[in-house]
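Pasted below: protein24.txt, compact mmCIF, C-alpha atoms.
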# COMPACT_ATOMS: atom_id res chain seq x y z
CA MET A 1 2.30 37.56 70.97
CA THR A 2 5.17 39.94 70.30
CA ASP A 3 3.43 41.54 67.28
CA PRO A 4 2.07 44.96 68.33
CA ALA A 5 -0.53 44.82 65.52
CA VAL A 6 -2.32 41.88 67.16
CA PRO A 7 -4.31 42.99 70.24
CA ALA A 8 -3.66 40.75 73.25
CA TRP A 9 -3.53 40.62 77.02
CA HIS A 10 -0.03 41.29 78.37
CA ALA A 11 1.18 41.02 81.96
CA VAL A 12 2.83 44.29 82.99
CA ALA A 13 3.40 43.86 86.74
CA LEU A 14 2.96 41.61 89.73
CA ALA A 15 -0.27 42.66 91.44
CA ALA A 16 1.61 42.78 94.77
CA ASP A 17 4.24 45.16 93.34
CA ILE A 18 1.64 47.88 92.77
CA GLU A 19 0.66 48.64 96.35
CA PRO A 20 -2.52 50.60 97.20
CA GLY A 21 -1.99 54.33 96.72
CA THR A 22 1.05 53.94 94.45
CA SER A 23 1.89 54.22 90.76
CA ALA A 24 4.61 52.89 88.48
CA GLY A 25 5.64 53.48 84.90
CA THR A 26 6.03 50.64 82.43
CA ARG A 27 6.07 50.12 78.67
CA LEU A 28 4.27 47.94 76.20
CA HIS A 29 5.54 47.91 72.61
CA ASP A 30 7.51 51.06 73.50
CA ARG A 31 4.36 52.93 74.60
CA GLU A 32 4.64 54.49 78.05
CA LEU A 33 1.96 53.29 80.47
CA VAL A 34 1.21 54.12 84.07
CA VAL A 35 -0.01 51.30 86.31
CA TRP A 36 -1.58 52.56 89.51
CA ARG A 37 -3.71 51.31 92.34
CA ASP A 38 -6.23 53.50 94.10
CA SER A 39 -6.67 53.50 97.86
CA ALA A 40 -9.71 51.21 97.52
CA GLY A 41 -7.47 48.58 95.91
CA ALA A 42 -8.53 48.77 92.24
CA SER A 43 -5.72 48.84 89.65
CA HIS A 44 -5.70 50.96 86.50
CA VAL A 45 -3.52 51.13 83.38
CA TRP A 46 -3.44 54.35 81.33
CA GLU A 47 -1.32 56.21 78.88
CA ASP A 48 1.50 57.63 81.02
CA ARG A 49 1.04 61.25 80.03
CA CYS A 50 -0.65 64.20 81.66
CA PRO A 51 -2.64 66.02 78.93
CA HIS A 52 -1.47 69.34 80.35
CA ARG A 53 2.28 69.31 79.73
CA GLY A 54 2.99 65.70 78.79
CA MET A 55 4.63 64.83 82.12
CA ARG A 56 4.61 61.12 82.98
CA LEU A 57 1.77 60.49 85.43
CA SER A 58 3.79 57.64 86.94
CA PHE A 59 6.04 60.33 88.48
CA GLY A 60 2.98 61.70 90.25
CA PHE A 61 1.08 60.61 93.32
CA VAL A 62 -2.10 58.81 94.22
CA ARG A 63 -4.58 60.35 96.63
CA GLY A 64 -7.65 58.25 97.36
CA ASP A 65 -9.26 57.39 94.02
CA HIS A 66 -7.36 60.08 92.05
CA ILE A 67 -3.88 60.19 90.54
CA ALA A 68 -2.25 63.61 90.30
CA CYS A 69 0.53 64.93 88.10
CA LEU A 70 3.81 65.87 89.78
CA TYR A 71 4.13 69.09 87.74
CA HIS A 72 0.96 71.05 88.51
CA GLY A 73 -1.22 68.66 90.48
CA TRP A 74 -3.92 68.08 87.86
CA ALA A 75 -5.91 65.21 89.36
CA TYR A 76 -7.69 62.45 87.43
CA ASP A 77 -10.43 60.10 88.59
CA THR A 78 -10.47 56.35 87.94
CA ALA A 79 -12.04 56.88 84.49
CA GLY A 80 -9.14 59.14 83.42
CA GLN A 81 -11.30 62.27 83.66
CA CYS A 82 -9.56 65.38 85.02
CA ARG A 83 -11.43 66.51 88.14
CA ALA A 84 -9.24 69.20 89.68
CA ILE A 85 -6.74 71.83 88.53
CA PRO A 86 -5.13 73.38 91.64
CA ALA A 87 -4.21 76.63 89.86
CA HIS A 88 -7.90 77.13 88.98
CA PRO A 89 -9.78 75.78 92.01
CA ASP A 90 -13.13 77.29 90.93
CA LEU A 91 -13.01 75.97 87.37
CA ALA A 92 -15.49 73.30 86.25
CA VAL A 93 -12.95 71.09 84.48
CA PRO A 94 -13.98 70.43 80.83
CA GLU A 95 -14.89 66.82 79.97
CA THR A 96 -12.33 66.94 77.14
CA ILE A 97 -9.40 66.88 79.59
CA ARG A 98 -9.03 63.13 79.82
CA VAL A 99 -6.22 60.58 79.92
CA PRO A 100 -6.54 57.71 77.39
CA THR A 101 -7.10 54.45 79.28
CA TYR A 102 -6.53 50.76 78.60
CA ALA A 103 -8.64 47.80 79.68
CA SER A 104 -6.84 45.97 82.49
CA ALA A 105 -7.53 43.05 84.79
CA GLU A 106 -5.86 41.09 87.57
CA ALA A 107 -5.44 37.34 87.24
CA SER A 108 -2.90 34.76 88.45
CA GLY A 109 -1.35 37.38 90.75
CA LEU A 110 -0.49 39.62 87.78
CA ILE A 111 -1.87 42.83 86.28
CA PHE A 112 -2.75 42.39 82.62
CA VAL A 113 -3.41 45.14 80.09
CA TRP A 114 -5.22 44.82 76.76
CA SER A 115 -2.76 46.22 74.24
CA GLU A 116 -5.26 48.20 72.17
CA MET A 117 -5.90 51.61 73.73
CA GLY A 118 -9.52 52.22 74.71
CA ALA A 119 -10.74 48.89 73.31
CA THR A 120 -12.96 46.42 75.15
CA PRO A 121 -11.55 42.89 74.93
CA MET A 122 -13.84 39.92 74.17
CA SER A 123 -12.85 38.03 77.32
CA PRO A 124 -10.76 38.55 80.46
CA PRO A 125 -7.24 37.08 80.78
CA ALA A 126 -7.19 33.43 81.85
CA ALA A 127 -7.23 33.10 85.64
CA ARG A 128 -4.96 30.26 86.73
CA PRO A 129 -3.95 29.06 90.21
CA LEU A 130 -0.42 30.44 89.93
CA THR A 131 1.78 32.12 92.54
CA ALA A 132 3.34 35.30 91.16
CA LEU A 133 7.01 35.41 92.20
CA ARG A 134 8.85 38.30 90.54
CA SER A 135 9.37 40.43 87.47
CA LEU A 136 12.70 40.83 85.74
CA PHE A 137 13.85 42.60 82.61
CA VAL A 138 16.02 41.17 79.86
CA GLU A 139 18.16 43.33 77.59
CA ALA A 140 17.07 41.55 74.39
CA THR A 141 14.30 41.99 71.83
CA PRO A 142 10.91 40.44 72.63
CA GLU A 143 11.08 38.35 69.43
CA ARG A 144 14.44 36.94 70.41
CA VAL A 145 13.40 36.21 73.99
CA ALA A 146 10.26 34.46 72.73
CA ALA A 147 12.25 32.39 70.24
CA LEU A 148 14.83 31.35 72.85
CA LEU A 149 12.18 30.53 75.46
CA ALA A 150 10.28 28.41 72.92
CA GLY A 151 13.32 26.12 72.70
CA ARG A 152 13.07 25.24 76.40
CA PHE A 153 9.53 25.98 77.50
CA ALA A 154 6.11 25.13 76.10
CA PRO A 155 4.38 28.18 74.59
CA GLY A 156 0.76 28.50 75.74
CA PRO A 157 -2.21 29.94 73.84
CA ASP A 158 -2.09 33.07 76.00
CA GLY A 159 1.52 33.82 75.05
CA SER A 160 2.96 32.37 78.25
CA PHE A 161 5.75 29.79 78.52
CA ALA A 162 5.48 26.78 80.83
CA GLY A 163 8.28 24.51 81.98
CA CYS A 164 10.69 23.63 84.76
CA LEU A 165 12.99 26.13 86.44
CA ALA A 166 15.12 25.41 89.53
CA GLY A 167 13.10 22.30 90.29
CA ALA A 168 9.70 23.99 90.13
CA ASP A 169 6.96 24.13 87.52
CA VAL A 170 6.83 27.72 86.32
CA VAL A 171 4.82 29.79 83.88
CA LEU A 172 6.61 32.82 82.41
CA PHE A 173 4.67 35.77 81.01
CA LEU A 174 6.49 37.86 78.43
CA GLN A 175 6.06 41.65 78.23
CA PRO A 176 7.22 43.29 74.98
CA PHE A 177 8.67 46.35 76.75
CA THR A 178 10.63 48.19 74.07
CA ALA A 179 12.34 47.02 70.89
CA GLU A 180 15.44 46.25 73.01
CA ARG A 181 14.06 45.21 76.38
CA THR A 182 11.67 42.42 77.42
CA GLY A 183 9.87 41.93 80.71
CA LEU A 184 9.45 38.46 82.18
CA HIS A 185 6.89 37.89 84.92
CA VAL A 186 7.66 34.64 86.73
CA THR A 187 4.92 32.57 88.36
CA ILE A 188 5.13 29.20 90.11
CA ASP A 189 2.59 26.48 89.30
CA GLY A 190 2.19 24.43 92.47
CA ALA A 191 4.94 24.10 95.07
CA GLY A 192 8.42 25.53 94.66
CA ASP A 193 11.23 27.28 96.51
CA GLY A 194 10.73 30.96 95.64
CA ALA A 195 14.32 31.95 96.40
CA LEU A 196 15.70 29.18 94.17
CA VAL A 197 13.30 29.94 91.32
CA SER A 198 14.17 33.64 91.55
CA ARG A 199 17.87 32.83 91.18
CA GLY A 200 16.98 30.43 88.37
CA ALA A 201 15.21 33.27 86.59
CA GLU A 202 18.34 35.39 86.90
CA ALA A 203 20.37 32.56 85.33
CA LEU A 204 17.78 32.35 82.55
CA ARG A 205 18.09 36.10 81.96
CA HIS A 206 21.88 35.73 81.81
CA ALA A 207 21.60 32.83 79.34
CA ILE A 208 19.27 34.81 77.06
CA GLU A 209 21.52 37.86 77.10
CA ALA A 210 24.63 35.74 76.54
CA ALA A 211 23.19 33.59 73.74
CA ALA A 212 24.87 34.23 70.40
CA PRO A 213 22.76 36.65 68.34
CA SER A 214 21.71 34.01 65.85
CA ARG A 215 18.24 32.68 65.20
CA PHE A 216 19.70 29.20 65.72
CA ALA A 217 20.89 30.08 69.22
CA SER A 218 19.57 28.06 72.11
CA LEU A 219 19.63 28.47 75.87
CA GLU A 220 22.34 26.67 77.75
CA PHE A 221 21.90 26.73 81.50
CA ALA A 222 21.09 24.35 84.27
CA ALA A 223 17.36 23.83 84.75
CA MET B 1 28.99 52.69 127.48
CA SER B 2 27.90 56.18 128.49
CA GLN B 3 25.90 58.53 126.33
CA PRO B 4 27.46 61.97 125.73
CA LEU B 5 25.87 64.51 128.03
CA GLU B 6 25.90 67.20 125.36
CA SER B 7 25.31 66.74 121.64
CA PRO B 8 28.60 66.91 119.77
CA ARG B 9 29.02 70.01 117.61
CA LEU B 10 28.87 68.90 114.00
CA VAL B 11 29.71 71.01 110.97
CA LEU B 12 28.84 69.67 107.53
CA HIS B 13 30.44 71.22 104.48
CA ASP B 14 27.66 70.63 102.04
CA TYR B 15 26.43 71.11 98.49
CA GLU B 16 22.67 70.88 98.03
CA LEU B 17 22.79 68.97 94.70
CA ASP B 18 25.53 66.49 95.72
CA ALA B 19 24.20 62.96 96.22
CA ASP B 20 26.98 62.09 98.72
CA CYS B 21 26.21 65.18 100.79
CA TYR B 22 22.54 64.17 100.70
CA LYS B 23 23.45 60.76 102.16
CA VAL B 24 24.87 62.49 105.21
CA ARG B 25 21.97 64.97 105.48
CA LEU B 26 19.57 62.03 105.24
CA LEU B 27 21.26 60.13 108.07
CA LEU B 28 21.45 63.22 110.29
CA ALA B 29 17.75 63.87 109.60
CA LEU B 30 16.80 60.26 110.41
CA LEU B 31 18.70 60.60 113.71
CA GLY B 32 17.16 64.01 114.41
CA ALA B 33 20.66 65.44 114.89
CA ARG B 34 21.43 69.14 115.10
CA TYR B 35 24.29 70.31 112.92
CA GLU B 36 25.69 73.36 111.26
CA ARG B 37 25.54 73.35 107.49
CA LEU B 38 28.06 75.33 105.43
CA ALA B 39 27.04 75.68 101.78
CA VAL B 40 29.97 75.20 99.39
CA ASP B 41 29.81 76.72 95.90
CA VAL B 42 30.62 73.59 93.91
CA HIS B 43 28.89 74.64 90.70
CA PRO B 44 30.02 76.80 89.10
CA GLY B 45 32.59 77.99 91.68
CA HIS B 46 34.52 74.74 92.39
CA GLU B 47 35.06 76.14 95.87
CA GLU B 48 35.78 72.64 97.19
CA ARG B 49 39.04 72.80 95.23
CA SER B 50 40.00 76.29 96.42
CA PRO B 51 43.25 76.61 98.41
CA ALA B 52 41.28 77.08 101.63
CA TYR B 53 39.24 73.91 101.09
CA LEU B 54 42.24 71.88 99.91
CA ALA B 55 43.92 72.86 103.16
CA LEU B 56 40.94 71.38 105.01
CA ASN B 57 40.48 68.33 102.76
CA PRO B 58 43.29 67.65 100.26
CA ARG B 59 41.00 65.26 98.37
CA GLY B 60 38.98 68.21 97.07
CA SER B 61 35.75 66.33 97.72
CA LEU B 62 32.49 66.80 99.58
CA PRO B 63 30.98 66.14 102.01
CA ILE B 64 33.35 67.05 104.83
CA LEU B 65 32.34 66.62 108.46
CA GLU B 66 34.06 68.51 111.26
CA GLN B 67 33.62 67.44 114.86
CA ASP B 68 35.86 68.44 117.78
CA GLY B 69 39.01 68.73 115.67
CA LEU B 70 38.23 65.70 113.51
CA VAL B 71 38.02 66.50 109.79
CA LEU B 72 36.43 63.58 107.94
CA ALA B 73 35.91 63.09 104.20
CA GLU B 74 34.05 60.32 102.28
CA ALA B 75 30.33 59.97 102.88
CA GLU B 76 30.32 56.34 104.01
CA ALA B 77 33.02 57.00 106.63
CA ILE B 78 30.94 59.94 107.86
CA LEU B 79 27.85 57.72 108.05
CA LEU B 80 29.69 55.16 110.17
CA HIS B 81 31.18 57.83 112.41
CA CYS B 82 27.85 59.61 112.98
CA ALA B 83 26.02 56.35 113.65
CA GLY B 84 28.57 55.55 116.34
CA LEU B 85 28.49 59.04 117.79
CA LEU B 86 24.85 60.09 117.81
CA PRO B 87 21.90 58.86 119.90
CA GLY B 88 19.86 56.34 117.91
CA GLY B 89 22.68 55.69 115.46
CA GLY B 90 23.41 52.26 116.88
CA ALA B 91 20.04 51.00 115.63
CA LEU B 92 21.28 51.51 112.06
CA VAL B 93 24.38 49.32 112.56
CA PRO B 94 23.68 45.57 112.84
CA GLN B 95 25.00 43.93 116.00
CA ASP B 96 25.27 40.51 114.38
CA GLY B 97 28.75 40.00 112.96
CA ALA B 98 27.66 38.62 109.61
CA ASP B 99 25.05 41.33 109.10
CA HIS B 100 27.59 43.97 110.10
CA ALA B 101 29.93 42.65 107.42
CA ARG B 102 27.07 42.62 104.88
CA MET B 103 26.33 46.25 105.70
CA LEU B 104 29.98 47.16 105.16
CA SER B 105 29.95 45.28 101.88
CA TRP B 106 27.02 47.41 100.66
CA LEU B 107 28.75 50.60 101.85
CA PHE B 108 31.75 49.65 99.70
CA PHE B 109 29.37 48.81 96.84
CA ALA B 110 27.94 52.33 97.15
CA ARG B 111 31.45 53.74 96.79
CA GLY B 112 32.53 51.26 94.10
CA PRO B 113 30.23 49.95 91.35
CA LEU B 114 27.39 52.33 92.23
CA ALA B 115 29.65 55.39 91.98
CA ALA B 116 29.07 55.23 88.20
CA ALA B 117 25.49 56.41 88.81
CA GLY B 118 26.74 59.54 90.58
CA LEU B 119 29.19 60.25 87.77
CA ALA B 120 26.52 59.63 85.09
CA ARG B 121 24.25 62.10 86.88
CA LEU B 122 26.94 64.79 87.14
CA HIS B 123 27.79 64.22 83.47
CA ALA B 124 24.14 64.69 82.46
CA MET B 125 23.35 67.59 84.80
CA LEU B 126 26.52 69.60 85.17
CA GLU B 127 28.43 68.47 82.07
CA ALA B 128 31.12 66.89 84.21
CA PRO B 129 33.69 65.08 82.03
CA GLY B 130 33.12 61.37 81.40
CA ASP B 131 31.88 58.77 78.92
CA GLY B 132 28.13 59.20 79.42
CA PRO B 133 26.90 55.99 77.75
CA ALA B 134 29.57 53.87 79.47
CA LEU B 135 28.73 55.37 82.87
CA GLU B 136 25.04 54.69 82.27
CA ARG B 137 25.75 51.04 81.39
CA GLN B 138 27.78 50.65 84.59
CA ALA B 139 25.01 52.31 86.60
CA LEU B 140 22.40 49.96 85.11
CA ALA B 141 24.56 46.97 86.02
CA ALA B 142 24.79 48.21 89.62
CA PHE B 143 21.03 48.89 89.79
CA ARG B 144 20.37 45.35 88.56
CA VAL B 145 22.50 43.93 91.39
CA MET B 146 20.45 45.99 93.84
CA GLU B 147 17.11 45.02 92.23
CA ASP B 148 17.94 41.31 92.33
CA HIS B 149 19.08 41.58 95.94
CA MET B 150 15.93 43.39 97.05
CA THR B 151 13.81 40.89 95.14
CA ALA B 152 15.50 38.10 97.13
CA GLN B 153 15.01 40.09 100.35
CA ARG B 154 11.31 40.59 99.58
CA ILE B 155 10.89 36.86 98.91
CA ALA B 156 12.66 36.17 102.22
CA GLY B 157 10.28 38.57 103.98
CA SER B 158 12.58 41.57 104.55
CA ASP B 159 12.04 45.18 103.43
CA TRP B 160 15.70 46.18 103.87
CA PHE B 161 19.12 45.57 102.32
CA VAL B 162 20.60 43.86 105.38
CA GLY B 163 18.73 41.70 107.84
CA ALA B 164 15.22 42.69 108.88
CA ALA B 165 15.76 46.35 109.82
CA PRO B 166 16.97 49.55 108.15
CA SER B 167 20.74 50.09 108.32
CA LEU B 168 23.37 52.47 107.00
CA ALA B 169 23.36 50.36 103.82
CA ASP B 170 19.87 51.65 102.98
CA VAL B 171 20.98 55.25 103.59
CA ALA B 172 24.10 54.86 101.44
CA LEU B 173 22.31 53.15 98.53
CA PHE B 174 19.15 55.28 98.38
CA PRO B 175 20.40 58.50 96.71
CA ALA B 176 21.84 56.93 93.53
CA ILE B 177 18.65 55.14 92.49
CA ALA B 178 16.30 57.84 93.80
CA LEU B 179 18.16 60.38 91.61
CA SER B 180 18.54 58.16 88.52
CA ARG B 181 15.96 60.13 86.55
CA ASP B 182 18.46 63.01 86.55
CA PHE B 183 20.41 60.98 83.98
CA GLY B 184 17.41 59.52 82.19
CA VAL B 185 17.00 56.16 83.96
CA ASP B 186 13.39 55.57 84.99
CA HIS B 187 12.32 53.19 87.74
CA ASP B 188 10.10 51.12 85.42
CA ALA B 189 12.36 48.05 85.52
CA TYR B 190 12.94 48.11 89.29
CA PRO B 191 9.77 46.97 91.11
CA ALA B 192 11.71 45.73 94.16
CA LEU B 193 13.67 48.97 94.43
CA ARG B 194 10.48 51.02 94.04
CA ARG B 195 8.98 49.12 96.94
CA TRP B 196 12.14 49.59 99.03
CA MET B 197 12.33 53.31 98.21
CA ARG B 198 8.78 53.72 99.52
CA ARG B 199 9.91 52.06 102.79
CA VAL B 200 12.90 54.41 103.04
CA ARG B 201 10.65 57.41 102.37
CA ALA B 202 8.40 56.31 105.22
CA LEU B 203 11.22 56.31 107.81
CA PRO B 204 10.62 58.95 110.52
CA GLY B 205 12.65 62.08 109.75
CA PHE B 206 13.15 61.27 106.04
CA VAL B 207 14.11 64.29 103.94
CA THR B 208 14.31 64.78 100.17
CA MET B 209 16.68 66.81 97.99
CA PRO B 210 16.15 68.49 94.60
CA GLY B 211 15.37 65.69 92.12
CA ILE B 212 13.56 63.52 94.66
CA PRO B 213 9.85 64.42 94.71
CA ASP B 214 8.44 65.38 98.07
CA TYR B 215 4.91 64.05 98.03
CA HIS B 216 4.64 61.20 100.50

Give the structure from this file in structure tokens form.
Amino acid sequence: MTDPAVPAWHAVALAADIEPGTSAGTRLHDRELVVWRDSAGASHVWEDRCPHRGMRLSFGFVRGDHIACLYHGWAYDTAGQCRAIPAHPDLAVPETIRVPTYASAEASGLIFVWSEMGATPMSPPAARPLTALRSLFVEATPERVAALLAGRFAPGPDGSFAGCLAGADVVLFLQPFTAERTGLHVTIDGAGDGALVSRGAEALRHAIEAAAPSRFASLEFAA
Amino acid sequence: MSQPLESPRLVLHDYELDADCYKVRLLLALLGARYERLAVDVHPGHEERSPAYLALNPRGSLPILEQDGLVLAEAEAILLHCAGLLPGGGALVPQDGADHARMLSWLFFARGPLAAAGLARLHAMLEAPGDGPALERQALAAFRVMEDHMTAQRIAGSDWFVGAAPSLADVALFPAIALSRDFGVDHDAYPALRRWMRRVRALPGFVTMPGIPDYH
């Protein structure tokens, strides 16, 4: 799950956190991605780089079904194809000006991206009746977070971790952000007090960051 | 309580790139207030520490607000004063005692732990003295406190730092995170703060400053 060489679905955001007409930057295995939602409600995950000057597209703005770069306003349609260059309004934009895209899908209240750029995955991410609660980011390597979580939660086939947190059944989705930082997307399975689970997730983050940097370390905190 | 018949004459001693000056400009813009703006040559002139300015404000800091003989330094004090003075300002100060105290607590947070973000930015942009990596770590710790708080607020159904409505806390906390890219901190890890910043941007009268994109 944390091996970048093995293509997989990874949660990168809560669906509700990417509101229509907005964009956000994120990372997967240290690669910069932009997650954005067009005005019609469809979400997209691309390489976070305008082909013109390399500016992060996540700094830009969404207009209708296009996302535009903050630097010079180059606008891209939902397929990543550049459609407008404001400095050259009469130019028929060449087909070669294109942003590399990733396959993405929404399931369980989360936005998932297929980690291999441009590839078509065999099947969509598993859709489960979960309630997406929050994302949080842990200052620890993905391998270490996965190893520590495996001591307290049950690893699932999709790379998630299921268990009890603050009195609720939760499923945690791990995002290998960079070599030093790991995203955790917290979902509740069934009923649970969102405020309590959110604080529980903060305690979990603290326990992971405080755990001695040994492969024998385990998490010590109140469930 | 009677409203002033005439708008008070306000003079703001201001530096365009200063995040604390921006706080005050943002509040005055949200309140639609008229004021006189005197540009101070902070970089590279250090005019705020000239004899004339030290005579006005011995702290050598900006912003400075002048109003009818009052000379006031420190952005959060200016925010409180203006909110009490100007029409519409009262809506940004919670009436409820506990919420009022919470607002004050965030104003002190903006001056305390979050001040590291302002120093990290000045270190990165204007080569102001300081331990850059240490300031960035302190800024990240403060941003995490804010992110966790706004996550809890979102779960509780509020878009704002205190209670269910915008307050001076939102004005005081906005510049540091909105300008964090100036010292290399992206907003990737702050979904709750991104959401909140969009709400702040949507407030009537909202203004930007250099470093905060103007596209909404």

Anything within 9 Å of (1.4, 50.0, 93.5): list those residues as a compact mmCIF listing (two decimals) with C-alpha atoms, in the frame of the given file, counting all atoms listed in the file and sticking to the file's coordinates.
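Contents of part.txt, as written:
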# COMPACT_ATOMS: atom_id res chain seq x y z
CA ALA A 15 -0.27 42.66 91.44
CA ALA A 16 1.61 42.78 94.77
CA ASP A 17 4.24 45.16 93.34
CA ILE A 18 1.64 47.88 92.77
CA GLU A 19 0.66 48.64 96.35
CA PRO A 20 -2.52 50.60 97.20
CA GLY A 21 -1.99 54.33 96.72
CA THR A 22 1.05 53.94 94.45
CA SER A 23 1.89 54.22 90.76
CA ALA A 24 4.61 52.89 88.48
CA VAL A 35 -0.01 51.30 86.31
CA TRP A 36 -1.58 52.56 89.51
CA ARG A 37 -3.71 51.31 92.34
CA ASP A 38 -6.23 53.50 94.10
CA SER A 43 -5.72 48.84 89.65
CA ARG B 195 8.98 49.12 96.94

Query raised in the report: In Å, with one decimal, what is the gap from CA of Met146 in chain B to CA of Gly109 in chain A?
Result: 23.6 Å

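If all atoms listed in the file are the atoms counted, then among A:Val62, A:Leu28, A:Leu165, A:Ala132 the closest residue to Leu204 in chain A is A:Leu165.
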
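Put simply, CA of Leu70 in chain A is 23.7 Å away from CA of Ser104 in chain A.
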
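Closest approach to Phe59 in chain A among A:Val45, A:Val34, A:Ala79, A:Ala92: A:Val34, based on only C-alpha atoms.
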
Report task. With a distance cut-off of 7 Å and all atoms listed in the file, select the neighbouring residues of Ala75 in chain B, excluding the residue or stretch itself and same-chain residues fewer than 6 positions from it, and output the selection as an NGL selection string. Result -> :B and (20-21 or 23-24 or 63)

Take the residues from that selection and put them in a file with C-alpha atoms, as a compact mmCIF listing (two decimals), keeping the file's coordinate frame.
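Saved to selection-v4.txt:
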# COMPACT_ATOMS: atom_id res chain seq x y z
CA ASP B 20 26.98 62.09 98.72
CA CYS B 21 26.21 65.18 100.79
CA LYS B 23 23.45 60.76 102.16
CA VAL B 24 24.87 62.49 105.21
CA PRO B 63 30.98 66.14 102.01

Per residue of chain A within 9 Å of chain B, what are the shortest atom pair and its distance in Å to one decimal, counting all atoms listed in the file, with rows by chain and residue number, as a tab-separated table?
residue	atom	partner	partner_atom	distance
A:Ala13	CA	B:Pro191	CA	8.3
A:Leu14	CA	B:Pro191	CA	8.8
A:Asp17	CA	B:Pro191	CA	6.2
A:Ile18	CA	B:Pro191	CA	8.3
A:Glu19	CA	B:Arg195	CA	8.4
A:Ala24	CA	B:Asp188	CA	6.5
A:Gly25	CA	B:Asp188	CA	5.1
A:Thr26	CA	B:Asp188	CA	5.1
A:Arg27	CA	B:Asp188	CA	7.9
A:Phe59	CA	B:Pro213	CA	8.4
A:Gly60	CA	B:Tyr215	CA	8.4
A:Phe61	CA	B:Tyr215	CA	7.0
A:Leu70	CA	B:Pro213	CA	7.9
A:Leu133	CA	B:Ile155	CA	7.9
A:Arg134	CA	B:Thr151	CA	7.2
A:Ser135	CA	B:Pro191	CA	7.5
A:Leu136	CA	B:Ala189	CA	7.2
A:Phe137	CA	B:Ala189	CA	6.4
A:Gly183	CA	B:Ala189	CA	8.2
A:Gly194	CA	B:Ile155	CA	6.7
A:Ala195	CA	B:Ala152	CA	6.3
A:Ser198	CA	B:Ala152	CA	7.3
A:Arg199	CA	B:Ala152	CA	8.3
A:Glu202	CA	B:Asp148	CA	8.0

Any idea what's packed within 10 Å of Gly89 in chain B, counting only C-alpha atoms, ignoring anything in its chain fewer than 2 positions away? Could you give it as a JSON list (two decimals) with C-alpha atoms, in the coordinates of the input?
[["chain", "number", "residue", "atom", "x", "y", "z"],
["B", 27, "LEU", "CA", 21.26, 60.13, 108.07],
["B", 28, "LEU", "CA", 21.45, 63.22, 110.29],
["B", 30, "LEU", "CA", 16.80, 60.26, 110.41],
["B", 31, "LEU", "CA", 18.70, 60.60, 113.71],
["B", 33, "ALA", "CA", 20.66, 65.44, 114.89],
["B", 79, "LEU", "CA", 27.85, 57.72, 108.05],
["B", 80, "LEU", "CA", 29.69, 55.16, 110.17],
["B", 81, "HIS", "CA", 31.18, 57.83, 112.41],
["B", 82, "CYS", "CA", 27.85, 59.61, 112.98],
["B", 83, "ALA", "CA", 26.02, 56.35, 113.65],
["B", 84, "GLY", "CA", 28.57, 55.55, 116.34],
["B", 85, "LEU", "CA", 28.49, 59.04, 117.79],
["B", 86, "LEU", "CA", 24.85, 60.09, 117.81],
["B", 87, "PRO", "CA", 21.90, 58.86, 119.90],
["B", 91, "ALA", "CA", 20.04, 51.00, 115.63],
["B", 92, "LEU", "CA", 21.28, 51.51, 112.06],
["B", 93, "VAL", "CA", 24.38, 49.32, 112.56],
["B", 167, "SER", "CA", 20.74, 50.09, 108.32],
["B", 168, "LEU", "CA", 23.37, 52.47, 107.00]]

Query raised in the report: So which one's closest to Gly60 in chain B, B:Ala73, B:Ala110, B:Ala19, B:Val171? Using all atoms listed in the file, please.
Result: B:Ala73

For range 110-127 of chain A, find every residue with an atom within 6 Å (counting all atoms listed in the file), except residues of its own chain fewer than 3 positions away, and show them as an mmCIF file with C-alpha atoms, in the coordinates of the input.
data_model
loop_
_atom_site.group_PDB
_atom_site.id
_atom_site.type_symbol
_atom_site.label_atom_id
_atom_site.label_comp_id
_atom_site.auth_asym_id
_atom_site.auth_seq_id
_atom_site.Cartn_x
_atom_site.Cartn_y
_atom_site.Cartn_z
ATOM 1 C CA PRO A 7 -4.310 42.990 70.240
ATOM 2 C CA ALA A 8 -3.660 40.750 73.250
ATOM 3 C CA TRP A 9 -3.530 40.620 77.020
ATOM 4 C CA HIS A 10 -0.030 41.290 78.370
ATOM 5 C CA ALA A 11 1.180 41.020 81.960
ATOM 6 C CA VAL A 12 2.830 44.290 82.990
ATOM 7 C CA ALA A 13 3.400 43.860 86.740
ATOM 8 C CA LEU A 14 2.960 41.610 89.730
ATOM 9 C CA ALA A 15 -0.270 42.660 91.440
ATOM 10 C CA THR A 101 -7.100 54.450 79.280
ATOM 11 C CA TYR A 102 -6.530 50.760 78.600
ATOM 12 C CA ALA A 103 -8.640 47.800 79.680
ATOM 13 C CA SER A 104 -6.840 45.970 82.490
ATOM 14 C CA ALA A 105 -7.530 43.050 84.790
ATOM 15 C CA GLU A 106 -5.860 41.090 87.570
ATOM 16 C CA ALA A 107 -5.440 37.340 87.240
#

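Within 10 Å of Tyr35 in chain B, once all atoms listed in the file are used and residues closer than 6 positions along the same chain are dropped, the contacting residues are Ser7, Pro8, Arg9, Leu10, Val11, Leu12, Arg25, Leu28, Ala29, Leu65 and Gln67 of chain B.
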